[in-house]
Structure formats: C-alpha cells, structure tokens
There are 2 protein chains.
Amino acid sequence: MERGLSLLVDLYELTMAESYFRYKRNDLATFDLFVRQLPQNRSYLVNAGLNDILDYIKNLRFDKGCLSYLKTQKLFSTSFLKYLAGFRFRGDIWAMPEGTVFFANEPVVRVTASIIEAQIIETFLLNTINLQGTIASKASRVVSAACGRGVYDFSLRRTHGRDAAIKAARASYIAGFKGTSNVLAGKLYGIPIAGTMAHSFVMSFVSELESFKAYADTFPERTILLVDTYDTRKGVENAVRAGLELKKRGYNLLGIRLDSGDMVSLSKLARKILDASGLNYVKIFASGNLDEFKIKELLDKGAIADNFGVGTHMGVSIDAPCLDVIYKISEISARDGKFTPTMKLSAGKANYPGRKQVFRIKDKGGNFIKDILALEGEKINGTPLLVKVVSRGKIVYRAPSLEEMRRYLNVTLSGFPAGMREVYSKYKYPVEASLRLKKLTEGLRQKLSGMQ
Amino acid sequence: MERGLSLLVDLYELTMAESYFRYKRNDLATFDLFVRQLPQNRSYLVNAGLNDILDYIKNLRFDKGCLSYLKTQKLFSTSFLKYLAGFRFRGDIWAMPEGTVFFANEPVVRVTASIIEAQIIETFLLNTINLQGTIASKASRVVSAACGRGVYDFSLRRTHGRDAAIKAARASYIAGFKGTSNVLAGKLYGIPIAGTMAHSFVMSFVSELESFKAYADTFPERTILLVDTYDTRKGVENAVRAGLELKKRGYNLLGIRLDSGDMVSLSKLARKILDASGLNYVKIFASGNLDEFKIKELLDKGAIADNFGVGTHMGVSIDAPCLDVIYKISEISARDGKFTPTMKLSAGKANYPGRKQVFRIKDKGGNFIKDILALEGEKINGTPLLVKVVSRGKIVYRAPSLEEMRRYLNVTLSGFPAGMREVYSKYKYPVEASLRLKKLTEGLRQKLSGMQ
C-alpha cells in the first residue's frame, strides 16, 4: 500500500471519532455501502475494487508522519492520537465479489465494526467502489455494444490521474476488454498490453509510406498501421504496399487503424482495398472518441471493424462519471451487545435498516428474475451475493484471478434478460425488500419520526 | 515520485521509440500540448498540474523492474532496453504556470526534445493536464457562482481514485476554494482542512440533541451541526439548544449544515430561528450535490448560505469530465539541425505548425482583449504566457506557492470581461493566429496535401 493512505479520509471521520472516543461510544455498528439510484443510461452496475479495499484494510495504520500532521491541527486529544497510533481495523466485512452485477439499494459492501473503525474506513471504501464500479459498469456496456469484437482500453491519457488510469485498465478488463495500452497496468495486473502508432510517428518521416515500412520492419509480427494522418484512402494504399512487402518476407500485417473521418464509408473502402490486394487477413481497428453509443451506431450503419480502441469516454465514464454511492448506518449495538436497527429519514435519502443480505432469484430455466433484499438469517430461495471477506480484521477471502472475474461476469450477464444489456435499454430489473424488511422499515420510520 | 511511473505510458510510445531508435531517427522535434476545443459550459480553462510534470521529468527512470517487465513482452531489442536503462529527459519544456487562464488551441505545454524523449513523456503530460486542468476549470466556475462566499472541497469520496482526490483538492484550492475535507491533501499541500459531521454520528446517539451536545463538547470552537437527519426544523431547534449551552460556556457555535430538502425555504427558516435565539453569528453551510449551476439557482432564489460544501459534481467535473487535450508534433529537425514546421491534416483534427508562443493582449485600461498565437521570435505587444521550465533536462523554474497561484488566477480573471465568468456565459474570448503563423499554416497545408 502507498504510504499515508490512512489520511485519505474526510476530516469529519476523525473528528467524529475523537468525539466517540471521548464519550466512550465505541459500540458496534453496521454500515451498508450502496448506490441510491442507477445513473442515467445504466440498467445494471458491475462491482469492482474489492481487491484495493482488502489491501487497504490489511495495511491500515496511522504512522508517525500521519500523527504529527494531525497534531498540528490542534483538534485532537493526546489520548485519541495514542489510540490512533495503535489503530487496526478489527471488524467484519461482507462484500460482493468483483465482477458481480448489482442494482440500486443493494449493499455492495457491509461493514460491522466498532463505530470508530467503521467510520474511519468510510471515505476510502466509497472512493474505491465509486471509481472502479463506475468504470466496470461503463466498460461492460461497451463490450456488449461491440457484439463479440475485441475492445481495447486506450484511456490512459485522459483518465483522472494515475490511480484512475491503472484502475480503469483493470476494471475494463474485468468487464471483458481484451487488453490495454497502459504498460503499468500490464505490469501490475498481468493484463495484455497493446498499441499501434501515433500520427506524430507518421509525420516524423519524409513520407507516410516510409514511416509504415520502418514500423513494419521493426515489428513484422505486430504491426498495425495508422492510415488517416493525411488522406485515408492513400493511407490504406500505402498500408497495402507495406503489407505486401511484409508478405514477401513471410509475415502478415496485423491491421490498420482508422481514427477520424466517416468511419462507415472509410472502413468499407479500406476493407475493399485490402481484400482486392489479397490482404483479407488484415484486421481493421477503429478508434477516435468511441463508446457504446458510437460503436452501436457504426455497426448499425454497416461499418466494418474487427477491433475497437476505446479511450476517454470509457475511461472517465463520460455520460455518468460517478455513482450515487453512499455508506449508511443500519444498526447499532447497545451496551448489552444487542443490535438495534436504525435508518435516516432525510427527504429522499431514506435507507433500509438492519443487517441485510442480497439474494438473486432464478426461475426454473436458470434465468434471473429478481433480487430480494432481506434481513440476515431469513431463509430465501436464492443465491446470496454478499460473502464474508474480513473476519475480526483478518482477510478471509481468496480473491479470484482477473480471468475468473471476467468469466464470472460474462456468465452472470447471460442469465439476465437480453434487453438489460442493450445500449438504449429501458429494462428495470426488479429489486424487492422481503416482507420482514418492509415491516421493520415501516415500524422504524414511525418510531424515529417522533424521536426528536 | 511513486515507483514505476515511467511505465505509466501508452505502449505505442515505447514501440515507436524502438522503431525510431532502430532507424536512428532520434531528431529533435517540438510538440504542443493543447486543448482542441473547450468543453460544454466552459468559456475559459485554468491550467494546473505543472508541479507534477516537473516532478515526473526530474525523476523519470526505467529501473530494473520496469526493464524486466518490458523484456517479457518480446517486443524490444536488447540495445533499445539498454538505451532505456540510461534514459533521461534531456530536452526543453515551456509551459503556462499553474493558475493561468487559457483557451482552445493555445499550447499549455511545449516540449522540444529528441523525438523519443518527447514521445515517452506524452502520455503522462496529457493525463496530468487533463485531470488537473479539468478540475481547476470547474472549480473556478463554482467559486464565481458563490459570489464571495466560502467554498470547500468535499469531493474525496467520489473522485476517480486516490490520485484524483488529492489533485482535486489542490486544483480547487488554486481555483479559490477555501479548504478541503481531504486530510491527506492537507498534509501534502498545506491546504486548510475542514469538516462537519455525518448523519451516522447523529443516528448513533439516543437523540439528535445528545449527539449535538457531545460534538459541541468535544470541539467547542469548531462545531458545525448537521441538522437534517430527521426533520430540519427540529434539527435547527436542537442546534439552537446546543448553541445556547456553548454560549453559556463562552464559545460560539460555528455553524449548522443543511444537506437535503428545499434549501431555499429551509435556509431562510434556519436563519430566522437562529437569529431569533440570539445566534446570529452562527453560519449556515449548504451541501448536497452542489455545483455552480445549483449554487447560482439557490442564490438567485434567495437562499441564505455563508459557505458551500461542494463535492462530487466538482470533483469529477460532472458536466465535462475531461478536456479535449492533445499533444501534436509541430516541427522536426533535419540532420542539419534546422527545424521544419509540420502539421496533421486529418479531418477536423488539423493543428498549427511551428514553435509557438501565446501572447495575451491588453487594452489601455489594462483589460484583456484577445490572445495571439504567434511563432517564436515574433514581436507582439502582449504578455507571453509560456515560460521556460525545463532546460536541457534541468528544472529551471521556481514554482510559486499555492497561495501565489490563487492570487495570480484571481487577479488574472478580473482582467477579463465579467461576462466570461457567468455560469451560463456565452462569451467567446478571441484567440487569433498571427499573420506569419497563418501564412505558414496555409502554405504547409498545400504542400502536405500533395505529399503522399
């Protein structure tokens, strides 16, 4: 873990902690991390980020540097700072595995811990699920729109900083992308790395053809030529020349890349020119501000592409760059150790009380028909989605590989109605509360309204 | 610098470098980093991120771990990997200081270096300016909308990861925010940190009043009470009780925070209740999905707020989460050391050739009237915006403090027409090319069109 991550926290988590500490109100509490409502253009979400959360939990310490900074703020008592010096997360965490499909109001992470510990980890948990869930969800849509064609992450240059860059590569790989241009993400996560060439490469040679020949000569087995620097038709013709030279030497030109102009007519033209020259094996890569909407439009109009390079729009999830993800207290223990459910009543911001599990219900054909939000311990005939990942501060979860996460997501998605994955889907998957949960919620609402 | 940042690079930068290396085509070249067009809702942009760029340039190395990973890709020659092992950036960089106001087509960073070096740093430069410029520009709009009221960064929980979180705090501070909830950003950059309390704090006590008293007792000089957990009117009344108790003990309650509901009527009600109780010094903080549009609407409708907590919408720049930032080659040297201007012709993606400077032109009253994009060496009666920051690989720039950057931006903005800063501004600041630059561009366009 990077140093100092324990301070990646909203100040109020620490001031509240000081107050809890002072009042010895460090009772156990349960918090749910969930999304209040789906963002626009999303009919489902994909969870990602658990790996980072577990890493954070394992290594969470307030070292000397952190503590001396906090001391300078003149907010904290010496005894509280001493408490922080020995701070460890010692609670329990349940979470949905990475690659799990989820919906609004479903706890994605559920924390039961002393209230100080549960609050101190809040900010990091929200930040992590927000970013990686946002990107995995967007990327999953792009994969669907490409209808089986390869999709590559080219977003590094326009993600929100270095952390977002490597997480976007990872989240999009979980979602089914085939690789990334991001070398560091390749190194850190073992994701296949891929790339073509830039316009500047072409421009730095005396002619386009010379630049193509030089590149093909350097990477005879992995050359993808960018053909739109000057004029795309001439670019494709130059790629044919370079491709035929490679062929003579026993190599196959891998592909050409189209990055601008009318992709529909240009891709058809390119395919025709390539095929007419006996280069029917040369793949067409399309790039340039692509996302699921653009890919669908291109394919609907008959564009010919074997692979898509998808950058900015996916890497910042441009139409919905964040989730309405929140972290709400749902129960608190009294001194006697018994837990009491609780909830917030703020206008439009109420949440379900109690310690909950999410069950995914199948019909006889094995297709998902609804999710049920129930209280822990309820017998529901479905698959529970939350699994225990931290027990009394210890990681008790063996994380699957990225490959396993990809497969898990892919298989899961095929169990939902096909309409849910359409780019312009209006499908709303049903998420219900169990009868017991509904009763608890209603009763508590009435009780709390009279409480102030 | 974090380890391994040299691999935060698009793979094609390295494969192109291998090809340049092989062909000994490591001539000098100049690249411009600029924004092709302003995003929606933006009439100007604010530069930020230079600090990170200089740190990156200074420390850029391919260490053993990087090199062995690259070797596993079976793409690179031994001699090129050896070259990378000794790699340093040895070129020149000119850049606009952080806090500079800029517009479309203006080089924000200009790199002159061997083409391999210039390409290898491309991805990091784009990523950095994209994120920090996006956020500084959004945050500057929020500051304008608040009309002198305090604005605080509460975005940490919903930024795109940990790097974006600290950079959002820093960029928004440059833009004029008063502080951040992000403790790590406070520690790293010396930004004032601030916070209130969460709903969960209120809910974890037997009553709202008890939670208020506990917090006020812990931080008698810095208490801001969140009043909307159950019912806002009752919440304000409880805040009054806690405030009066504090008063008896000789302390002033700092504020109350409104986070939901009809902010206009609730803020008026809260002000009335507070004033009627002799607590007219208690400030009102407003929060909850705020941005410049919402703040303007609230103030237009007469909402009463002394400070705003602004989170997600600013932290991800929700309406425009990225800049159309690109990095284009503008000249290349021949073997004789003479530079030849160059440009790209792709449909809708052409750029200005040659080594350029941006001049900001004032009228006699000292107000900015236009910017002129000119070739280096042209005599233009205006302030040049690009300054030399790296000379032959050495940092030659003394970065101003964040406080200086804030002042610089604030003073600069007052020199532009007031209409430019309006939330719904349609103002378009004129950016012109000099006559010489226009002629060069036109001549080159004709020459290159016939070149393939």
# chains A, B, ... in the order shown; residues from 1 in each chain; ligands from 1

$ residues_around --residues "B:Glu106" --least-positions-apart "4" --cutoff "7 Å" --atoms "only C-alpha atoms" --output "PyMOL selection string"
chain B and resi 34+102+358+373

$ closest_atom_pairs --of "chain B" --to "chain A" --cutoff "6 Å" --atoms "only C-alpha atoms" --output "tab-separated table"
residue	atom	partner	partner_atom	distance
B:Leu7	CA	A:Leu184	CA	4.8
B:Leu8	CA	A:Leu184	CA	5.1
B:Val9	CA	A:Asn182	CA	5.9
B:Asp10	CA	A:Ser181	CA	4.9
B:Leu11	CA	A:Ser181	CA	5.2
B:Tyr12	CA	A:Gly195	CA	4.9
B:Ser19	CA	A:Thr218	CA	5.7
B:Thr123	CA	A:Arg157	CA	5.1
B:Leu126	CA	A:Arg157	CA	5.3
B:Asn127	CA	A:Arg157	CA	4.4
B:Leu131	CA	A:His160	CA	5.0
B:Arg157	CA	A:Asn127	CA	4.4
B:Arg158	CA	A:Asn127	CA	5.1
B:His160	CA	A:Leu131	CA	4.9
B:Gly161	CA	A:Ala164	CA	5.5
B:Asp163	CA	A:Asp163	CA	5.5
B:Ala164	CA	A:Gly161	CA	5.5
B:Ser181	CA	A:Asp10	CA	4.9
B:Asn182	CA	A:Asp10	CA	5.0
B:Val183	CA	A:Leu7	CA	5.4
B:Leu184	CA	A:Leu7	CA	4.8
B:Gly195	CA	A:Tyr12	CA	4.9
B:Thr196	CA	A:Tyr12	CA	5.6
B:Met197	CA	A:Tyr12	CA	5.5
B:Ser200	CA	A:Ile329	CA	5.7
B:Tyr215	CA	A:Ser19	CA	5.9
B:Thr218	CA	A:Ser19	CA	5.7
B:Thr229	CA	A:Ser346	CA	5.3
B:Tyr230	CA	A:Leu345	CA	5.1
B:Gly261	CA	A:Ala347	CA	5.7
B:Ile329	CA	A:Ser200	CA	5.7
B:Leu345	CA	A:Tyr230	CA	5.1
B:Ser346	CA	A:Thr229	CA	5.3
B:Ala347	CA	A:Gly261	CA	5.7

$ closest_residue --among "B:Ala146, B:Leu38, B:Leu266, B:Ala433" --to "B:Tyr352" --atoms "only C-alpha atoms"
B:Ala433

$ residues_around --residues "A:Thr112" --least-positions-apart "4" --cutoff "9 Å" --atoms "only C-alpha atoms" --output "number ranges by chain"
A: 28-31, 91-94, 118, 355

$ write_last_selection --atoms "N, CA and C atoms" --output "PDB file, in the first residue's frame"
ATOM      1  N   LEU A  28     -20.534  -1.317  18.626  1.00  0.00           N
ATOM      2  CA  LEU A  28     -20.514  -1.893  17.281  1.00  0.00           C
ATOM      3  C   LEU A  28     -21.642  -1.306  16.444  1.00  0.00           C
ATOM      4  N   ALA A  29     -21.394  -1.202  15.163  1.00  0.00           N
ATOM      5  CA  ALA A  29     -22.439  -0.726  14.263  1.00  0.00           C
ATOM      6  C   ALA A  29     -22.261  -1.411  12.920  1.00  0.00           C
ATOM      7  N   THR A  30     -23.330  -1.447  12.146  1.00  0.00           N
ATOM      8  CA  THR A  30     -23.251  -1.970  10.783  1.00  0.00           C
ATOM      9  C   THR A  30     -23.528  -0.843   9.800  1.00  0.00           C
ATOM     10  N   PHE A  31     -22.715  -0.780   8.764  1.00  0.00           N
ATOM     11  CA  PHE A  31     -22.885   0.208   7.704  1.00  0.00           C
ATOM     12  C   PHE A  31     -23.060  -0.526   6.368  1.00  0.00           C
ATOM     13  N   GLY A  91     -12.916  -5.274  12.606  1.00  0.00           N
ATOM     14  CA  GLY A  91     -14.312  -5.662  12.386  1.00  0.00           C
ATOM     15  C   GLY A  91     -14.491  -6.722  11.310  1.00  0.00           C
ATOM     16  N   ASP A  92     -15.751  -6.905  10.912  1.00  0.00           N
ATOM     17  CA  ASP A  92     -16.122  -7.858   9.856  1.00  0.00           C
ATOM     18  C   ASP A  92     -16.568  -7.084   8.613  1.00  0.00           C
ATOM     19  N   ILE A  93     -16.245  -7.646   7.458  1.00  0.00           N
ATOM     20  CA  ILE A  93     -16.732  -7.055   6.212  1.00  0.00           C
ATOM     21  C   ILE A  93     -17.295  -8.156   5.319  1.00  0.00           C
ATOM     22  N   TRP A  94     -18.470  -7.910   4.803  1.00  0.00           N
ATOM     23  CA  TRP A  94     -19.071  -8.744   3.768  1.00  0.00           C
ATOM     24  C   TRP A  94     -19.116  -7.911   2.496  1.00  0.00           C
ATOM     25  N   ALA A 118     -15.503   1.664  11.739  1.00  0.00           N
ATOM     26  CA  ALA A 118     -16.386   1.661  10.568  1.00  0.00           C
ATOM     27  C   ALA A 118     -16.386   3.031   9.886  1.00  0.00           C
ATOM     28  N   ARG A 355     -29.289  -5.525   9.434  1.00  0.00           N
ATOM     29  CA  ARG A 355     -28.180  -6.227   8.780  1.00  0.00           C
ATOM     30  C   ARG A 355     -28.745  -7.083   7.653  1.00  0.00           C
TER      31      ARG A 355
END

$ select_by_dssp --residues "stretch 110-210 of chain B" --states "strand (DSSP E)" --output "PyMOL selection string"
chain B and resi 110-114+150-153+179-180

$ write_last_selection --atoms "C-alpha atoms" --output "PDB file, in the first residue's frame"
ATOM      1  CA  ARG B 110       5.544  22.909 -25.353  1.00  0.00           C
ATOM      2  CA  VAL B 111       8.232  20.248 -25.498  1.00  0.00           C
ATOM      3  CA  THR B 112      11.367  20.374 -27.650  1.00  0.00           C
ATOM      4  CA  ALA B 113      13.433  17.227 -27.336  1.00  0.00           C
ATOM      5  CA  SER B 114      14.704  14.236 -29.224  1.00  0.00           C
ATOM      6  CA  GLY B 150     -16.614  30.353   1.085  1.00  0.00           C
ATOM      7  CA  VAL B 151     -16.453  27.103  -0.868  1.00  0.00           C
ATOM      8  CA  TYR B 152     -14.967  23.877   0.473  1.00  0.00           C
ATOM      9  CA  ASP B 153     -13.942  20.710  -1.367  1.00  0.00           C
ATOM     10  CA  GLY B 179     -10.179  24.321   2.061  1.00  0.00           C
ATOM     11  CA  THR B 180     -10.832  20.619   1.739  1.00  0.00           C
TER      12      THR B 180
END

$ residues_around --residues "B:Glu432" --least-positions-apart "6" --cutoff "9 Å" --atoms "only C-alpha atoms" --output "ChimeraX atom specification"
/B:370-374

$ write_last_selection --atoms "N, CA and C atoms" --output "tab-separated table (two decimals), in the first residue's frame"
chain	number	residue	atom	x	y	z
B	370	LYS	N	-7.64	40.09	-26.30
B	370	LYS	CA	-7.51	38.89	-27.12
B	370	LYS	C	-6.16	38.21	-26.86
B	371	ASP	N	-6.05	36.96	-27.28
B	371	ASP	CA	-4.76	36.28	-27.27
B	371	ASP	C	-4.30	36.11	-28.71
B	372	ILE	N	-2.99	36.19	-28.89
B	372	ILE	CA	-2.45	35.96	-30.23
B	372	ILE	C	-1.47	34.79	-30.17
B	373	LEU	N	-1.73	33.82	-31.04
B	373	LEU	CA	-0.85	32.67	-31.20
B	373	LEU	C	0.17	33.07	-32.26
B	374	ALA	N	1.46	33.09	-31.88
B	374	ALA	CA	2.46	33.58	-32.84
B	374	ALA	C	3.63	32.61	-32.89

$ closest_residue --among "A:Leu33, A:Pro341, A:Asn252, A:Arg271" --to "A:Lys447" --atoms "only C-alpha atoms"
A:Pro341

$ residues_around --residues "stretch 272-284 of chain A" --least-positions-apart "6" --cutoff "10 Å" --atoms "only C-alpha atoms" --output "PDB file with N, CA and C atoms, in the first residue's frame"
ATOM      1  N   ILE A 224       0.336  -2.572 -36.684  1.00  0.00           N
ATOM      2  CA  ILE A 224      -0.969  -2.000 -37.012  1.00  0.00           C
ATOM      3  C   ILE A 224      -0.697  -0.579 -37.491  1.00  0.00           C
ATOM      4  N   LEU A 225      -1.042  -0.297 -38.733  1.00  0.00           N
ATOM      5  CA  LEU A 225      -0.666   0.983 -39.339  1.00  0.00           C
ATOM      6  C   LEU A 225      -1.799   1.998 -39.266  1.00  0.00           C
ATOM      7  N   ARG A 233      -7.725   7.232 -47.842  1.00  0.00           N
ATOM      8  CA  ARG A 233      -7.641   6.297 -48.974  1.00  0.00           C
ATOM      9  C   ARG A 233      -6.171   6.035 -49.350  1.00  0.00           C
ATOM     10  N   VAL A 236      -4.507   3.883 -46.785  1.00  0.00           N
ATOM     11  CA  VAL A 236      -4.769   2.441 -46.912  1.00  0.00           C
ATOM     12  C   VAL A 236      -3.921   1.866 -48.048  1.00  0.00           C
ATOM     13  N   GLU A 237      -3.806   2.624 -49.142  1.00  0.00           N
ATOM     14  CA  GLU A 237      -2.989   2.146 -50.257  1.00  0.00           C
ATOM     15  C   GLU A 237      -1.521   1.983 -49.846  1.00  0.00           C
ATOM     16  N   ALA A 239      -0.611   1.339 -46.795  1.00  0.00           N
ATOM     17  CA  ALA A 239      -0.594   0.167 -45.899  1.00  0.00           C
ATOM     18  C   ALA A 239      -0.546  -1.117 -46.728  1.00  0.00           C
ATOM     19  N   VAL A 240      -1.253  -1.114 -47.863  1.00  0.00           N
ATOM     20  CA  VAL A 240      -1.218  -2.282 -48.747  1.00  0.00           C
ATOM     21  C   VAL A 240       0.216  -2.522 -49.227  1.00  0.00           C
ATOM     22  N   ARG A 241       0.878  -1.450 -49.645  1.00  0.00           N
ATOM     23  CA  ARG A 241       2.278  -1.616 -50.102  1.00  0.00           C
ATOM     24  C   ARG A 241       3.144  -2.215 -49.007  1.00  0.00           C
ATOM     25  N   GLY A 243       2.123  -3.892 -46.464  1.00  0.00           N
ATOM     26  CA  GLY A 243       1.620  -5.241 -46.179  1.00  0.00           C
ATOM     27  C   GLY A 243       2.135  -6.261 -47.177  1.00  0.00           C
ATOM     28  N   LEU A 244       2.173  -5.853 -48.454  1.00  0.00           N
ATOM     29  CA  LEU A 244       2.662  -6.788 -49.482  1.00  0.00           C
ATOM     30  C   LEU A 244       4.151  -7.061 -49.315  1.00  0.00           C
ATOM     31  N   LYS A 247       4.482  -9.494 -46.586  1.00  0.00           N
ATOM     32  CA  LYS A 247       4.040 -10.798 -47.073  1.00  0.00           C
ATOM     33  C   LYS A 247       5.174 -11.539 -47.781  1.00  0.00           C
ATOM     34  N   ASN A 252       2.555 -11.544 -41.767  1.00  0.00           N
ATOM     35  CA  ASN A 252       1.231 -10.961 -42.005  1.00  0.00           C
ATOM     36  C   ASN A 252       1.110  -9.601 -41.328  1.00  0.00           C
ATOM     37  N   LEU A 253       0.752  -8.595 -42.106  1.00  0.00           N
ATOM     38  CA  LEU A 253       0.411  -7.311 -41.492  1.00  0.00           C
ATOM     39  C   LEU A 253      -0.794  -7.552 -40.587  1.00  0.00           C
ATOM     40  N   LEU A 254      -0.696  -7.095 -39.337  1.00  0.00           N
ATOM     41  CA  LEU A 254      -1.758  -7.380 -38.359  1.00  0.00           C
ATOM     42  C   LEU A 254      -3.006  -6.549 -38.626  1.00  0.00           C
ATOM     43  N   GLY A 255      -2.810  -5.255 -38.873  1.00  0.00           N
ATOM     44  CA  GLY A 255      -4.007  -4.442 -39.052  1.00  0.00           C
ATOM     45  C   GLY A 255      -3.726  -3.023 -39.502  1.00  0.00           C
ATOM     46  N   ILE A 256      -4.812  -2.320 -39.771  1.00  0.00           N
ATOM     47  CA  ILE A 256      -4.740  -0.876 -39.977  1.00  0.00           C
ATOM     48  C   ILE A 256      -5.663  -0.230 -38.954  1.00  0.00           C
ATOM     49  N   ARG A 257      -5.386   1.055 -38.654  1.00  0.00           N
ATOM     50  CA  ARG A 257      -6.253   1.752 -37.695  1.00  0.00           C
ATOM     51  C   ARG A 257      -6.845   2.989 -38.335  1.00  0.00           C
ATOM     52  N   LEU A 258      -8.163   3.125 -38.190  1.00  0.00           N
ATOM     53  CA  LEU A 258      -8.888   4.319 -38.625  1.00  0.00           C
ATOM     54  C   LEU A 258      -9.222   5.137 -37.384  1.00  0.00           C
ATOM     55  N   LEU A 266     -15.352   4.878 -44.780  1.00  0.00           N
ATOM     56  CA  LEU A 266     -13.904   4.628 -44.827  1.00  0.00           C
ATOM     57  C   LEU A 266     -13.579   3.170 -44.503  1.00  0.00           C
ATOM     58  N   ILE A 304     -17.265  -1.648 -40.899  1.00  0.00           N
ATOM     59  CA  ILE A 304     -16.554  -2.920 -40.806  1.00  0.00           C
ATOM     60  C   ILE A 304     -15.356  -2.746 -39.885  1.00  0.00           C
ATOM     61  N   ALA A 305     -15.416  -3.371 -38.735  1.00  0.00           N
ATOM     62  CA  ALA A 305     -14.299  -3.267 -37.797  1.00  0.00           C
ATOM     63  C   ALA A 305     -14.155  -4.577 -37.065  1.00  0.00           C
ATOM     64  N   ASP A 306     -12.906  -4.981 -36.853  1.00  0.00           N
ATOM     65  CA  ASP A 306     -12.656  -6.213 -36.109  1.00  0.00           C
ATOM     66  C   ASP A 306     -12.391  -5.921 -34.642  1.00  0.00           C
ATOM     67  N   ASN A 307     -11.840  -4.734 -34.390  1.00  0.00           N
ATOM     68  CA  ASN A 307     -11.479  -4.366 -33.026  1.00  0.00           C
ATOM     69  C   ASN A 307     -11.712  -2.876 -32.821  1.00  0.00           C
ATOM     70  N   PHE A 308     -11.990  -2.514 -31.577  1.00  0.00           N
ATOM     71  CA  PHE A 308     -12.182  -1.113 -31.240  1.00  0.00           C
ATOM     72  C   PHE A 308     -11.179  -0.693 -30.162  1.00  0.00           C
TER      73      PHE A 308
END
